$ cat data.cif   # mmCIF, C-alpha atoms
data_work
#
loop_
_atom_site.group_PDB
_atom_site.id
_atom_site.type_symbol
_atom_site.label_atom_id
_atom_site.label_comp_id
_atom_site.auth_asym_id
_atom_site.auth_seq_id
_atom_site.Cartn_x
_atom_site.Cartn_y
_atom_site.Cartn_z
ATOM 1 C CA MET A 454 54.456 15.965 -41.883
ATOM 2 C CA ILE A 455 52.564 19.266 -42.044
ATOM 3 C CA LEU A 456 48.896 19.117 -43.034
ATOM 4 C CA VAL A 457 47.551 22.336 -44.572
ATOM 5 C CA LEU A 458 43.754 22.652 -44.536
ATOM 6 C CA SER A 459 42.683 25.377 -46.937
ATOM 7 C CA TYR A 460 40.844 26.181 -50.159
ATOM 8 C CA LYS A 461 41.709 24.324 -53.332
ATOM 9 C CA LYS A 462 41.748 27.608 -55.222
ATOM 10 C CA PHE A 463 44.154 30.487 -54.562
ATOM 11 C CA GLU A 464 43.844 31.895 -51.036
ATOM 12 C CA GLN A 465 45.915 34.966 -50.224
ATOM 13 C CA GLY A 466 46.716 33.881 -46.678
ATOM 14 C CA THR A 467 47.663 30.304 -47.592
ATOM 15 C CA ASP A 468 49.609 30.334 -50.845
ATOM 16 C CA PRO A 469 52.493 32.606 -49.709
ATOM 17 C CA VAL A 470 53.093 30.273 -46.753
ATOM 18 C CA VAL A 471 52.997 27.252 -49.059
ATOM 19 C CA ASP A 472 55.624 28.973 -51.227
ATOM 20 C CA TRP A 473 57.928 29.164 -48.194
ATOM 21 C CA LEU A 474 57.222 25.520 -47.295
ATOM 22 C CA ILE A 475 58.278 24.563 -50.806
ATOM 23 C CA HIS A 476 61.352 26.814 -50.513
ATOM 24 C CA TYR A 477 62.387 25.054 -47.301
ATOM 25 C CA ASN A 478 61.643 21.637 -48.852
ATOM 26 C CA ALA A 479 59.204 20.931 -46.011
ATOM 27 C CA ASP A 480 57.205 17.710 -45.849
ATOM 28 C CA PHE A 481 53.604 18.863 -46.228
ATOM 29 C CA MET A 482 50.260 17.997 -47.768
ATOM 30 C CA ARG A 483 47.454 20.409 -48.698
ATOM 31 C CA VAL A 484 43.837 19.237 -48.430
ATOM 32 C CA SER A 485 40.624 21.115 -49.189
ATOM 33 C CA VAL A 486 36.925 20.380 -48.790
ATOM 34 C CA ASP A 487 36.890 19.869 -52.571
ATOM 35 C CA ASP A 488 39.365 17.018 -52.087
ATOM 36 C CA ILE A 489 37.193 15.495 -49.360
ATOM 37 C CA ALA A 490 34.097 15.733 -51.547
ATOM 38 C CA SER A 491 35.873 14.662 -54.742
ATOM 39 C CA VAL A 492 34.789 11.509 -56.556
ATOM 40 C CA GLN A 493 38.277 11.322 -58.086
ATOM 41 C CA GLN A 494 40.357 11.464 -54.892
ATOM 42 C CA ASN A 495 41.087 8.132 -53.254
ATOM 43 C CA TYR A 496 40.999 8.178 -49.455
ATOM 44 C CA THR A 497 39.624 6.110 -46.587
ATOM 45 C CA VAL A 498 38.257 7.136 -43.207
ATOM 46 C CA ASP A 499 38.618 3.892 -41.262
ATOM 47 C CA ILE A 500 36.362 4.320 -38.234
ATOM 48 C CA TYR A 501 36.923 0.815 -36.854
ATOM 49 C CA ASN A 502 40.742 1.124 -36.879
ATOM 50 C CA ASP A 503 40.668 4.850 -36.137
ATOM 51 C CA ASP A 504 42.795 5.879 -39.097
ATOM 52 C CA ILE A 505 42.656 8.143 -42.137
ATOM 53 C CA ILE A 506 44.443 7.040 -45.306
ATOM 54 C CA TYR A 507 44.967 9.808 -47.858
ATOM 55 C CA LYS A 508 47.020 9.350 -51.017
ATOM 56 C CA GLY A 509 48.374 6.135 -49.541
ATOM 57 C CA LYS A 510 49.564 7.758 -46.296
ATOM 58 C CA SER A 511 48.245 7.302 -42.789
ATOM 59 C CA LEU A 512 47.533 10.804 -41.506
ATOM 60 C CA LYS A 513 47.394 9.461 -37.951
ATOM 61 C CA ASP A 514 50.992 8.234 -38.285
ATOM 62 C CA LYS A 515 52.546 10.868 -40.538
ATOM 63 C CA VAL A 516 51.013 14.212 -39.508
ATOM 64 C CA LYS A 517 52.518 16.110 -36.579
ATOM 65 C CA VAL A 518 51.183 19.631 -37.111
ATOM 66 C CA ILE A 519 48.038 20.968 -38.806
ATOM 67 C CA TRP A 520 47.562 24.464 -40.171
ATOM 68 C CA ASN A 521 43.813 24.925 -39.865
ATOM 69 C CA ARG A 522 43.579 27.774 -42.350
ATOM 70 C CA ARG A 523 40.245 27.611 -44.207
ATOM 71 C CA VAL A 524 38.573 24.293 -44.926
ATOM 72 C CA LEU A 525 34.897 24.391 -43.889
ATOM 73 C CA VAL A 526 33.277 26.179 -46.821
ATOM 74 C CA ASP A 527 29.951 25.951 -48.602
ATOM 75 C CA PHE A 528 30.483 23.229 -51.181
ATOM 76 C CA GLN A 529 28.754 23.711 -54.528
ATOM 77 C CA ILE A 530 26.829 20.566 -55.427
ATOM 78 C CA LYS A 531 26.787 19.716 -59.125
ATOM 79 C CA ALA A 532 23.359 18.217 -59.626
ATOM 80 C CA GLU A 533 21.164 18.198 -62.730
ATOM 81 C CA LEU A 534 17.931 19.124 -60.978
ATOM 82 C CA GLU A 535 15.329 21.484 -62.392
ATOM 83 C CA ASN A 536 13.552 21.786 -59.042
ATOM 84 C CA LEU A 537 15.386 24.673 -57.347
ATOM 85 C CA SER A 538 13.924 23.839 -53.936
ATOM 86 C CA ALA A 539 15.127 20.233 -54.160
ATOM 87 C CA LYS A 540 18.541 21.397 -55.371
ATOM 88 C CA ALA A 541 18.874 23.811 -52.439
ATOM 89 C CA GLN A 542 17.845 21.070 -50.013
ATOM 90 C CA LEU A 543 20.318 18.616 -51.547
ATOM 91 C CA ARG A 544 23.064 21.223 -51.316
ATOM 92 C CA GLY A 545 22.287 21.881 -47.655
ATOM 93 C CA GLU A 546 22.196 18.198 -46.734
ATOM 94 C CA ALA A 547 25.373 17.406 -48.670
ATOM 95 C CA ASN A 548 27.203 20.254 -46.945
ATOM 96 C CA GLN A 549 25.990 18.954 -43.587
ATOM 97 C CA GLU A 550 27.369 15.511 -44.483
ATOM 98 C CA LEU A 551 30.714 17.049 -45.412
ATOM 99 C CA ARG A 552 30.750 19.141 -42.232
ATOM 100 C CA HIS A 553 30.203 16.084 -40.033
ATOM 101 C CA LEU A 554 32.864 14.154 -41.946
ATOM 102 C CA THR A 555 35.373 17.019 -41.715
ATOM 103 C CA GLU A 556 34.702 17.438 -37.998
ATOM 104 C CA PHE A 557 35.200 13.699 -37.464
ATOM 105 C CA ILE A 558 38.523 13.811 -39.319
ATOM 106 C CA ALA A 559 39.588 16.763 -37.171
ATOM 107 C CA GLU A 560 38.600 14.956 -33.970
ATOM 108 C CA SER A 561 40.590 11.932 -35.111
ATOM 109 C CA LEU A 562 43.668 14.168 -35.402
ATOM 110 C CA ILE A 563 42.973 16.241 -32.286
ATOM 111 C CA ASP A 564 46.187 15.042 -30.589
ATOM 112 C CA LYS A 565 48.290 16.788 -33.249
ATOM 113 C CA LYS A 566 49.563 20.355 -32.897
ATOM 114 C CA TRP A 567 47.017 22.718 -34.447
ATOM 115 C CA LEU A 568 47.312 26.290 -35.710
ATOM 116 C CA PRO A 569 44.767 27.416 -34.557
ATOM 117 C CA PRO A 570 43.170 24.644 -32.467
ATOM 118 C CA PHE A 571 40.210 23.177 -34.350
ATOM 119 C CA LYS A 572 37.596 23.932 -31.677
ATOM 120 C CA SER A 573 38.827 27.528 -31.282
ATOM 121 C CA ARG A 574 38.599 28.505 -34.945
ATOM 122 C CA ASN A 575 35.052 29.895 -34.842
ATOM 123 C CA ILE A 576 34.967 31.808 -31.579
ATOM 124 C CA ASN A 577 31.871 33.915 -31.112
ATOM 125 C CA LYS A 578 32.518 37.676 -31.298
ATOM 126 C CA LEU A 579 30.396 38.173 -28.183
ATOM 127 C CA ASP A 580 32.516 35.645 -26.273
ATOM 128 C CA GLN A 581 35.602 37.523 -27.462
ATOM 129 C CA LEU A 582 34.360 40.801 -25.994
ATOM 130 C CA ARG A 583 33.528 39.190 -22.663
ATOM 131 C CA SER A 584 36.895 37.398 -22.475
ATOM 132 C CA ALA A 585 38.751 40.598 -23.463
ATOM 133 C CA LYS A 586 37.096 42.496 -20.632
ATOM 134 C CA ASN A 587 38.005 39.699 -18.210
ATOM 135 C CA SER A 588 41.618 39.900 -19.459
ATOM 136 C CA GLY A 589 41.844 43.564 -18.453
ATOM 137 C CA LEU A 590 41.372 45.036 -21.917
ATOM 138 C CA ASN A 591 39.106 47.987 -22.620
ATOM 139 C CA VAL A 592 36.134 47.055 -24.791
ATOM 140 C CA PRO A 593 33.291 49.240 -26.100
ATOM 141 C CA ARG A 594 30.096 48.940 -24.107
ATOM 142 C CA SER A 595 28.029 46.444 -26.089
ATOM 143 C CA LYS A 596 24.478 45.143 -26.086
ATOM 144 C CA VAL A 597 22.430 42.898 -28.348
ATOM 145 C CA LEU A 598 19.000 44.486 -28.632
ATOM 146 C CA ASN A 599 15.804 43.766 -30.542
ATOM 147 C CA ASN A 600 13.621 46.814 -29.905
ATOM 148 C CA LYS A 601 13.694 50.547 -30.475
ATOM 149 C CA ALA A 602 12.935 51.547 -26.873
ATOM 150 C CA ASP A 603 16.022 49.773 -25.507
ATOM 151 C CA VAL A 604 18.194 51.225 -28.267
ATOM 152 C CA ILE A 605 17.084 54.755 -27.360
ATOM 153 C CA SER A 606 17.695 54.024 -23.663
ATOM 154 C CA PHE A 607 21.189 52.639 -24.380
ATOM 155 C CA ASN A 608 22.020 55.621 -26.580
ATOM 156 C CA ASN A 609 20.972 58.017 -23.797
ATOM 157 C CA GLU A 610 23.460 56.341 -21.434
ATOM 158 C CA LEU A 611 26.380 57.246 -23.689
ATOM 159 C CA ASP A 612 28.090 60.477 -24.679
ATOM 160 C CA GLY A 613 29.289 59.501 -28.143
ATOM 161 C CA GLY A 614 26.330 57.628 -29.578
ATOM 162 C CA LEU A 615 26.062 54.128 -31.024
ATOM 163 C CA ILE A 616 27.303 52.008 -33.900
ATOM 164 C CA THR A 617 25.944 48.734 -35.252
ATOM 165 C CA LYS A 618 27.868 45.799 -36.674
ATOM 166 C CA PRO A 619 27.217 42.128 -37.504
ATOM 167 C CA ILE A 620 27.609 39.624 -34.677
ATOM 168 C CA ASP A 621 29.256 37.240 -37.106
ATOM 169 C CA PHE A 622 30.672 37.215 -40.628
ATOM 170 C CA CYS A 623 28.622 38.913 -43.330
ATOM 171 C CA GLY A 624 29.050 37.887 -46.935
ATOM 172 C CA TYR A 625 28.203 39.642 -50.181
ATOM 173 C CA TYR A 626 24.822 39.782 -51.866
ATOM 174 C CA THR A 627 24.706 40.276 -55.607
ATOM 175 C CA HIS A 628 21.692 41.608 -57.492
ATOM 176 C CA GLU A 629 22.139 42.206 -61.207
ATOM 177 C CA ALA A 630 25.111 44.614 -61.519
ATOM 178 C CA ASP A 631 25.203 45.584 -57.832
ATOM 179 C CA THR A 632 26.852 43.935 -54.823
ATOM 180 C CA TYR A 633 25.841 44.569 -51.227
ATOM 181 C CA THR A 634 27.295 43.799 -47.803
ATOM 182 C CA ILE A 635 27.089 45.104 -44.232
ATOM 183 C CA PHE A 636 29.698 47.408 -42.729
ATOM 184 C CA THR A 637 29.979 48.936 -39.281
ATOM 185 C CA ASN A 638 27.644 51.927 -39.289
ATOM 186 C CA GLU A 639 26.924 54.850 -37.012
ATOM 187 C CA LEU A 640 23.387 54.937 -35.683
ATOM 188 C CA THR A 641 22.475 58.508 -36.574
ATOM 189 C CA PRO A 642 19.337 60.190 -35.143
ATOM 190 C CA GLU A 643 17.672 59.720 -38.537
ATOM 191 C CA ARG A 644 18.430 55.995 -38.595
ATOM 192 C CA MET A 645 17.299 55.611 -35.007
ATOM 193 C CA ALA A 646 14.007 57.339 -35.800
ATOM 194 C CA ASP A 647 13.469 54.928 -38.711
ATOM 195 C CA LEU A 648 13.894 51.817 -36.545
ATOM 196 C CA PRO A 649 10.773 49.666 -36.220
ATOM 197 C CA ASN A 650 9.533 48.978 -32.705
ATOM 198 C CA PHE A 651 10.918 45.428 -32.888
ATOM 199 C CA PHE A 652 13.577 43.959 -35.177
ATOM 200 C CA PHE A 653 16.043 41.094 -35.574
ATOM 201 C CA PRO A 654 18.584 40.872 -32.683
ATOM 202 C CA THR A 655 21.365 43.336 -33.487
ATOM 203 C CA LEU A 656 24.709 44.181 -31.894
ATOM 204 C CA PHE A 657 24.988 47.798 -30.728
ATOM 205 C CA GLN A 658 28.199 49.311 -29.351
ATOM 206 C CA GLU A 659 29.178 52.667 -27.989
ATOM 207 C CA LYS A 660 30.918 54.781 -30.607
ATOM 208 C CA ILE A 661 34.543 55.459 -29.675
ATOM 209 C CA GLU A 662 36.177 58.633 -30.925
ATOM 210 C CA VAL A 663 39.137 56.993 -32.610
ATOM 211 C CA GLU A 664 42.605 58.454 -33.047
ATOM 212 C CA TYR A 665 43.903 55.483 -35.043
ATOM 213 C CA GLU A 666 43.371 51.750 -35.562
ATOM 214 C CA ILE A 667 45.944 48.987 -35.165
ATOM 215 C CA ARG A 668 45.976 45.612 -36.904
ATOM 216 C CA VAL A 669 47.892 43.135 -34.758
ATOM 217 C CA PHE A 670 48.994 39.758 -36.065
ATOM 218 C CA TYR A 671 49.619 37.319 -33.226
ATOM 219 C CA LEU A 672 51.609 34.107 -33.615
ATOM 220 C CA ASP A 673 52.300 32.034 -30.508
ATOM 221 C CA GLY A 674 53.307 34.968 -28.273
ATOM 222 C CA GLU A 675 54.878 37.131 -30.983
ATOM 223 C CA PHE A 676 53.356 40.286 -32.464
ATOM 224 C CA ASP A 677 53.492 42.115 -35.797
ATOM 225 C CA SER A 678 51.525 45.368 -35.608
ATOM 226 C CA ILE A 679 50.700 48.099 -38.059
ATOM 227 C CA VAL A 680 48.759 51.310 -37.500
ATOM 228 C CA THR A 681 46.363 52.892 -39.982
ATOM 229 C CA VAL A 682 46.296 56.674 -39.764
ATOM 230 C CA ASN A 683 43.776 58.696 -41.757
ATOM 231 C CA LYS A 684 44.003 62.488 -41.719
ATOM 232 C CA SER A 685 40.964 63.072 -43.901
ATOM 233 C CA LEU A 686 37.646 64.245 -42.522
ATOM 234 C CA THR A 687 35.860 60.989 -43.365
ATOM 235 C CA LYS A 688 32.827 60.143 -41.269
ATOM 236 C CA ASP A 689 33.106 56.410 -41.948
ATOM 237 C CA VAL A 690 33.385 54.272 -38.817
ATOM 238 C CA ASP A 691 34.494 51.140 -40.693
ATOM 239 C CA LYS A 692 38.169 51.101 -41.651
ATOM 240 C CA LYS A 693 37.412 49.043 -44.773
ATOM 241 C CA LEU A 694 35.584 52.033 -46.239
ATOM 242 C CA TYR A 695 38.584 54.345 -46.173
ATOM 243 C CA SER A 696 41.625 52.034 -46.188
ATOM 244 C CA ALA A 697 42.199 52.747 -49.895
ATOM 245 C CA ASP A 698 41.912 56.517 -49.348
ATOM 246 C CA SER A 699 45.028 58.452 -50.400
ATOM 247 C CA ASN A 700 44.947 60.071 -46.957
ATOM 248 C CA SER A 701 45.306 56.677 -45.235
ATOM 249 C CA HIS A 702 48.803 55.572 -44.275
ATOM 250 C CA GLN A 703 50.063 52.382 -42.655
ATOM 251 C CA VAL A 704 53.261 52.201 -40.629
ATOM 252 C CA PRO A 705 54.706 49.546 -38.252
ATOM 253 C CA TYR A 706 53.710 50.044 -34.640
ATOM 254 C CA ASN A 707 55.253 48.952 -31.340
ATOM 255 C CA LEU A 708 52.710 47.772 -28.778
ATOM 256 C CA SER A 709 53.329 48.542 -25.118
ATOM 257 C CA SER A 710 54.387 45.678 -22.848
ATOM 258 C CA LEU A 711 51.112 46.023 -20.941
ATOM 259 C CA LEU A 712 48.988 45.746 -24.077
ATOM 260 C CA LYS A 713 51.013 42.741 -25.253
ATOM 261 C CA ASP A 714 50.495 41.023 -21.899
ATOM 262 C CA GLN A 715 46.754 41.715 -21.999
ATOM 263 C CA LEU A 716 46.404 40.461 -25.577
ATOM 264 C CA THR A 717 48.484 37.374 -24.776
ATOM 265 C CA GLY A 718 46.228 36.675 -21.802
ATOM 266 C CA LEU A 719 43.175 37.036 -24.021
ATOM 267 C CA MET A 720 44.538 34.694 -26.697
ATOM 268 C CA GLN A 721 45.413 32.103 -24.071
ATOM 269 C CA SER A 722 41.943 32.344 -22.533
ATOM 270 C CA LEU A 723 40.438 31.785 -25.992
ATOM 271 C CA ASN A 724 42.864 28.895 -26.644
ATOM 272 C CA LEU A 725 44.249 30.645 -29.721
ATOM 273 C CA ASN A 726 47.855 30.574 -30.908
ATOM 274 C CA ILE A 727 47.279 32.676 -34.020
ATOM 275 C CA GLY A 728 44.968 35.486 -35.076
ATOM 276 C CA SER A 729 44.511 38.917 -36.615
ATOM 277 C CA ILE A 730 43.462 41.309 -33.847
ATOM 278 C CA ASP A 731 41.834 44.713 -34.309
ATOM 279 C CA VAL A 732 42.632 47.354 -31.683
ATOM 280 C CA MET A 733 41.848 51.061 -31.671
ATOM 281 C CA LYS A 734 43.321 53.950 -29.726
ATOM 282 C CA SER A 735 40.741 56.509 -28.681
ATOM 283 C CA LYS A 736 41.278 60.233 -28.562
ATOM 284 C CA ASN A 737 41.328 60.003 -24.762
ATOM 285 C CA GLY A 738 44.384 57.718 -24.973
ATOM 286 C CA ARG A 739 42.745 54.386 -24.185
ATOM 287 C CA PHE A 740 43.285 51.246 -26.235
ATOM 288 C CA TYR A 741 40.168 49.227 -27.071
ATOM 289 C CA PHE A 742 39.980 45.610 -28.192
ATOM 290 C CA LEU A 743 37.514 45.147 -31.066
ATOM 291 C CA GLU A 744 37.816 41.560 -32.270
ATOM 292 C CA VAL A 745 40.152 38.734 -33.260
ATOM 293 C CA ASN A 746 39.886 36.570 -36.359
ATOM 294 C CA PRO A 747 41.799 33.272 -35.975
ATOM 295 C CA VAL A 748 42.007 32.955 -39.777
ATOM 296 C CA GLY A 749 42.110 36.667 -40.597
ATOM 297 C CA GLN A 750 44.098 38.071 -43.489
ATOM 298 C CA TYR A 751 47.568 39.426 -42.833
ATOM 299 C CA LEU A 752 49.379 39.651 -46.177
ATOM 300 C CA SER A 753 48.758 43.347 -46.865
ATOM 301 C CA GLU A 754 50.108 44.359 -43.455
ATOM 302 C CA SER A 755 53.002 41.933 -43.842
ATOM 303 C CA CYS A 756 54.039 43.534 -47.120
ATOM 304 C CA THR A 757 53.519 47.117 -45.926
ATOM 305 C CA GLY A 758 55.364 46.567 -42.658
ATOM 306 C CA ASN A 759 58.045 44.335 -44.187
ATOM 307 C CA PHE A 760 57.213 41.717 -41.530
ATOM 308 C CA PHE A 761 57.466 38.577 -43.704
ATOM 309 C CA THR A 762 54.639 37.118 -41.629
ATOM 310 C CA GLU A 763 54.088 34.349 -44.180
ATOM 311 C CA LYS A 764 57.709 33.235 -43.696
ATOM 312 C CA LYS A 765 57.265 33.223 -39.912
ATOM 313 C CA ILE A 766 54.157 31.020 -40.178
ATOM 314 C CA ALA A 767 56.014 28.565 -42.433
ATOM 315 C CA GLU A 768 58.947 28.450 -40.031
ATOM 316 C CA TRP A 769 56.603 27.884 -37.074
ATOM 317 C CA LEU A 770 55.002 24.954 -38.892
ATOM 318 C CA ILE A 771 58.371 23.440 -39.805
ATOM 319 C CA LYS A 772 59.672 23.828 -36.248
ATOM 320 C CA SER A 773 56.524 22.174 -34.885
ATOM 321 C CA ASP A 774 57.029 19.259 -37.284
ATOM 322 C CA LYS A 775 60.346 18.324 -35.721
#
$ encode --input "data.cif" --output "C-alpha cells"
Amino acid sequence: MILVLSYKKFEQGTDPVVDWLIHYNADFMRVSVDDIASVQQNYTVDIYNDDIIYKGKSLKDKVKVIWNRRVLVDFQIKAELENLSAKAQLRGEANQELRHLTEFIAESLIDKKWLPPFKSRNINKLDQLRSAKNSGLNVPRSKVLNNKADVISFNNELDGGLITKPIDFCGYYTHEADTYTIFTNELTPERMADLPNFFFPTLFQEKIEVEYEIRVFYLDGEFDSIVTVNKSLTKDVDKKLYSADSNSHQVPYNLSSLLKDQLTGLMQSLNLNIGSIDVMKSKNGRFYFLEVNPVGQYLSESCTGNFFTEKKIAEWLIKSDK
C-alpha cells in the first residue's frame, strides 16, 4: 500500500498525483496532521507492540512506500480561551506534541521506501550550498554575517555586489489589507548605508549576473527541466517577482550530461530522491546551484513543459509498491 502524507485541504503538488493513483486503481491511503490530531478519527499507536493501526489496518504490515509530501504543519488549536497568551502557549505545546507523535510514527515506518526520506525532508539551505560545492557544482560565494563592517568588507571582495535572502522558508505577514514577505534582494549602496552596526544573522551572497534561470525537477535519477527567460530590463533579482511578466517565457531545457552528473551526486549526498532544484546560468557561461526543495512545487513547470511530472510521481509510487 502507498501512504500519502500531505495536507487535508487541496495541495497543488499532491492532488494531481492522487488523481493518477485513482486512475491506476492504486492501493493508497492519504493521511494529514488534521487526521492525526482529529478527535473523530480512530487510530492506535501501539508502542509496546510497535505497530500503528489506522482505519483498521496495520500500517507496519500494509505500507510499502510513503510519499512524504507535506504533513508537519502548524495545527490550529480550537480552544475557547480569552487569554491570548495562554492560547498561544497551548497552541505551541499542542503542536510540539503532534510533532513528536508524527516523528515517532515516521521512525516506526523508517524501513519503508520514502519519497523523500523522512530525515532528509528539511535539509538546511547552508548545508545544501556546502554539499553542492563538494559535488563540483558552482555556488555563489556566501556568508552569514551579523555586522555592517563585515558586510562592507565582503562586498569589497566582489565585483558584482551582494544580495540577501532568507536562510530558511519565509511565510507571509498580514496587516489589515496588506500582506508582506521577504524576497531575494540586492544590497544597494543605499541599503548598505542604512544597515545598523549589528543585526540579526543574515545570509549574504555574491550577486551573479544571470542570463537565465532553470527549474529542475529531479525524481530518482531522472530530470525534467524548464528555463525561464526574461528579456525585459527588470532589476529584480528574485524570479518570483517577474515570473508573471509578459516578457517572461518558459521552455523545456536539456541539461548537459556533466550538470546532470553533478546534480545527481549532490542529491545522493543529501540522501534525496526527489526535489525541485533552482539553477542559474551566468552571463559568463557558468551554471550555479542555488537551492533544492525536497517538497517544492512542480505543477506549473509540468504543465508548461508538457512533462506530466505528476503522472511520473504516481507511477514511481506504484512501481515501488510492488
$ resolve_selection --input "data.cif" --expression "the PyMOL selection byres ((chain A and resi 519-521) around 10)" --output "count of residues only"
35
$ closest_residue --input "data.cif" --among "A:Val486, A:Ala630, A:Leu554, A:Leu474" --to "Val498 (chain A)" --atoms "only C-alpha atoms"
A:Leu554
$ resolve_selection --input "data.cif" --expression "the PyMOL selection byres ((chain A and resi 653-670) around 6)" --output "PyMOL selection string"
chain A and resi 593-599+613-618+652+671+676-682+728-736
$ write_last_selection --input "data.cif" --atoms "C-alpha atoms" --output "PDB file, keeping the file's coordinate frame"
ATOM      1  CA  PRO A 593      33.291  49.240 -26.100  1.00  0.00           C
ATOM      2  CA  ARG A 594      30.096  48.940 -24.107  1.00  0.00           C
ATOM      3  CA  SER A 595      28.029  46.444 -26.089  1.00  0.00           C
ATOM      4  CA  LYS A 596      24.478  45.143 -26.086  1.00  0.00           C
ATOM      5  CA  VAL A 597      22.430  42.898 -28.348  1.00  0.00           C
ATOM      6  CA  LEU A 598      19.000  44.486 -28.632  1.00  0.00           C
ATOM      7  CA  ASN A 599      15.804  43.766 -30.542  1.00  0.00           C
ATOM      8  CA  GLY A 613      29.289  59.501 -28.143  1.00  0.00           C
ATOM      9  CA  GLY A 614      26.330  57.628 -29.578  1.00  0.00           C
ATOM     10  CA  LEU A 615      26.062  54.128 -31.024  1.00  0.00           C
ATOM     11  CA  ILE A 616      27.303  52.008 -33.900  1.00  0.00           C
ATOM     12  CA  THR A 617      25.944  48.734 -35.252  1.00  0.00           C
ATOM     13  CA  LYS A 618      27.868  45.799 -36.674  1.00  0.00           C
ATOM     14  CA  PHE A 652      13.577  43.959 -35.177  1.00  0.00           C
ATOM     15  CA  TYR A 671      49.619  37.319 -33.226  1.00  0.00           C
ATOM     16  CA  PHE A 676      53.356  40.286 -32.464  1.00  0.00           C
ATOM     17  CA  ASP A 677      53.492  42.115 -35.797  1.00  0.00           C
ATOM     18  CA  SER A 678      51.525  45.368 -35.608  1.00  0.00           C
ATOM     19  CA  ILE A 679      50.700  48.099 -38.059  1.00  0.00           C
ATOM     20  CA  VAL A 680      48.759  51.310 -37.500  1.00  0.00           C
ATOM     21  CA  THR A 681      46.363  52.892 -39.982  1.00  0.00           C
ATOM     22  CA  VAL A 682      46.296  56.674 -39.764  1.00  0.00           C
ATOM     23  CA  GLY A 728      44.968  35.486 -35.076  1.00  0.00           C
ATOM     24  CA  SER A 729      44.511  38.917 -36.615  1.00  0.00           C
ATOM     25  CA  ILE A 730      43.462  41.309 -33.847  1.00  0.00           C
ATOM     26  CA  ASP A 731      41.834  44.713 -34.309  1.00  0.00           C
ATOM     27  CA  VAL A 732      42.632  47.354 -31.683  1.00  0.00           C
ATOM     28  CA  MET A 733      41.848  51.061 -31.671  1.00  0.00           C
ATOM     29  CA  LYS A 734      43.321  53.950 -29.726  1.00  0.00           C
ATOM     30  CA  SER A 735      40.741  56.509 -28.681  1.00  0.00           C
ATOM     31  CA  LYS A 736      41.278  60.233 -28.562  1.00  0.00           C
TER      32      LYS A 736
END
$ residues_around --input "data.cif" --residues "Leu648 (chain A)" --least-positions-apart "2" --cutoff "12 Å" --atoms "all atoms listed in the file" --output "list in words"
Leu598, Asn599, Asn600, Lys601, Ala602, Asp603, Val604, Ile605, Leu640, Thr641, Pro642, Glu643, Arg644, Met645, Ala646, Asn650, Phe651, Phe652, Phe653 and Thr655 of chain A
$ atom_distance --input "data.cif" --atom1 "CA of Leu582 (chain A)" --atom2 "CA of Val704 (chain A)"
26.5 Å
$ residues_around --input "data.cif" --residues "region 508-510 of chain A" --least-positions-apart "2" --cutoff "9 Å" --atoms "all atoms listed in the file" --output "list of chain:residue names"
A:Gln494, A:Asn495, A:Tyr496, A:Ile505, A:Ile506, A:Leu512, A:Lys513, A:Asp514, A:Lys515
$ residues_around --input "data.cif" --residues "Gln715 (chain A)" --least-positions-apart "5" --cutoff "9 Å" --atoms "only C-alpha atoms" --output "PDB file with C-alpha atoms, keeping the file's coordinate frame"
ATOM      1  CA  ALA A 585      38.751  40.598 -23.463  1.00  0.00           C
ATOM      2  CA  SER A 588      41.618  39.900 -19.459  1.00  0.00           C
ATOM      3  CA  GLY A 589      41.844  43.564 -18.453  1.00  0.00           C
ATOM      4  CA  LEU A 590      41.372  45.036 -21.917  1.00  0.00           C
ATOM      5  CA  SER A 710      54.387  45.678 -22.848  1.00  0.00           C
ATOM      6  CA  MET A 720      44.538  34.694 -26.697  1.00  0.00           C
TER       7      MET A 720
END
$ build_atoms --input "data.cif" --residues "region 655-665 of chain A" --atoms "N, CA and C atoms" --output "PDB file, keeping the file's coordinate frame"
ATOM      1  N   THR A 655      20.287  42.583 -32.855  1.00  0.00           N
ATOM      2  CA  THR A 655      21.365  43.336 -33.487  1.00  0.00           C
ATOM      3  C   THR A 655      22.370  43.792 -32.435  1.00  0.00           C
ATOM      4  N   LEU A 656      23.653  43.739 -32.796  1.00  0.00           N
ATOM      5  CA  LEU A 656      24.709  44.181 -31.894  1.00  0.00           C
ATOM      6  C   LEU A 656      24.879  45.693 -31.983  1.00  0.00           C
ATOM      7  N   PHE A 657      24.766  46.356 -30.835  1.00  0.00           N
ATOM      8  CA  PHE A 657      24.988  47.798 -30.728  1.00  0.00           C
ATOM      9  C   PHE A 657      26.172  48.035 -29.792  1.00  0.00           C
ATOM     10  N   GLN A 658      27.049  48.967 -30.176  1.00  0.00           N
ATOM     11  CA  GLN A 658      28.199  49.311 -29.351  1.00  0.00           C
ATOM     12  C   GLN A 658      28.323  50.826 -29.230  1.00  0.00           C
ATOM     13  N   GLU A 659      28.914  51.238 -28.117  1.00  0.00           N
ATOM     14  CA  GLU A 659      29.178  52.667 -27.989  1.00  0.00           C
ATOM     15  C   GLU A 659      30.192  53.091 -29.043  1.00  0.00           C
ATOM     16  N   LYS A 660      29.992  54.256 -29.609  1.00  0.00           N
ATOM     17  CA  LYS A 660      30.918  54.781 -30.607  1.00  0.00           C
ATOM     18  C   LYS A 660      32.113  55.409 -29.892  1.00  0.00           C
ATOM     19  N   ILE A 661      33.300  54.945 -30.253  1.00  0.00           N
ATOM     20  CA  ILE A 661      34.543  55.459 -29.675  1.00  0.00           C
ATOM     21  C   ILE A 661      35.137  56.487 -30.633  1.00  0.00           C
ATOM     22  N   GLU A 662      35.492  57.634 -30.103  1.00  0.00           N
ATOM     23  CA  GLU A 662      36.177  58.633 -30.925  1.00  0.00           C
ATOM     24  C   GLU A 662      37.611  58.158 -31.147  1.00  0.00           C
ATOM     25  N   VAL A 663      37.880  57.685 -32.349  1.00  0.00           N
ATOM     26  CA  VAL A 663      39.137  56.993 -32.610  1.00  0.00           C
ATOM     27  C   VAL A 663      40.225  57.953 -33.072  1.00  0.00           C
ATOM     28  N   GLU A 664      41.432  57.729 -32.554  1.00  0.00           N
ATOM     29  CA  GLU A 664      42.605  58.454 -33.047  1.00  0.00           C
ATOM     30  C   GLU A 664      43.262  57.669 -34.180  1.00  0.00           C
ATOM     31  N   TYR A 665      43.419  56.354 -33.972  1.00  0.00           N
ATOM     32  CA  TYR A 665      43.903  55.483 -35.043  1.00  0.00           C
ATOM     33  C   TYR A 665      43.576  54.033 -34.695  1.00  0.00           C
TER      34      TYR A 665
END
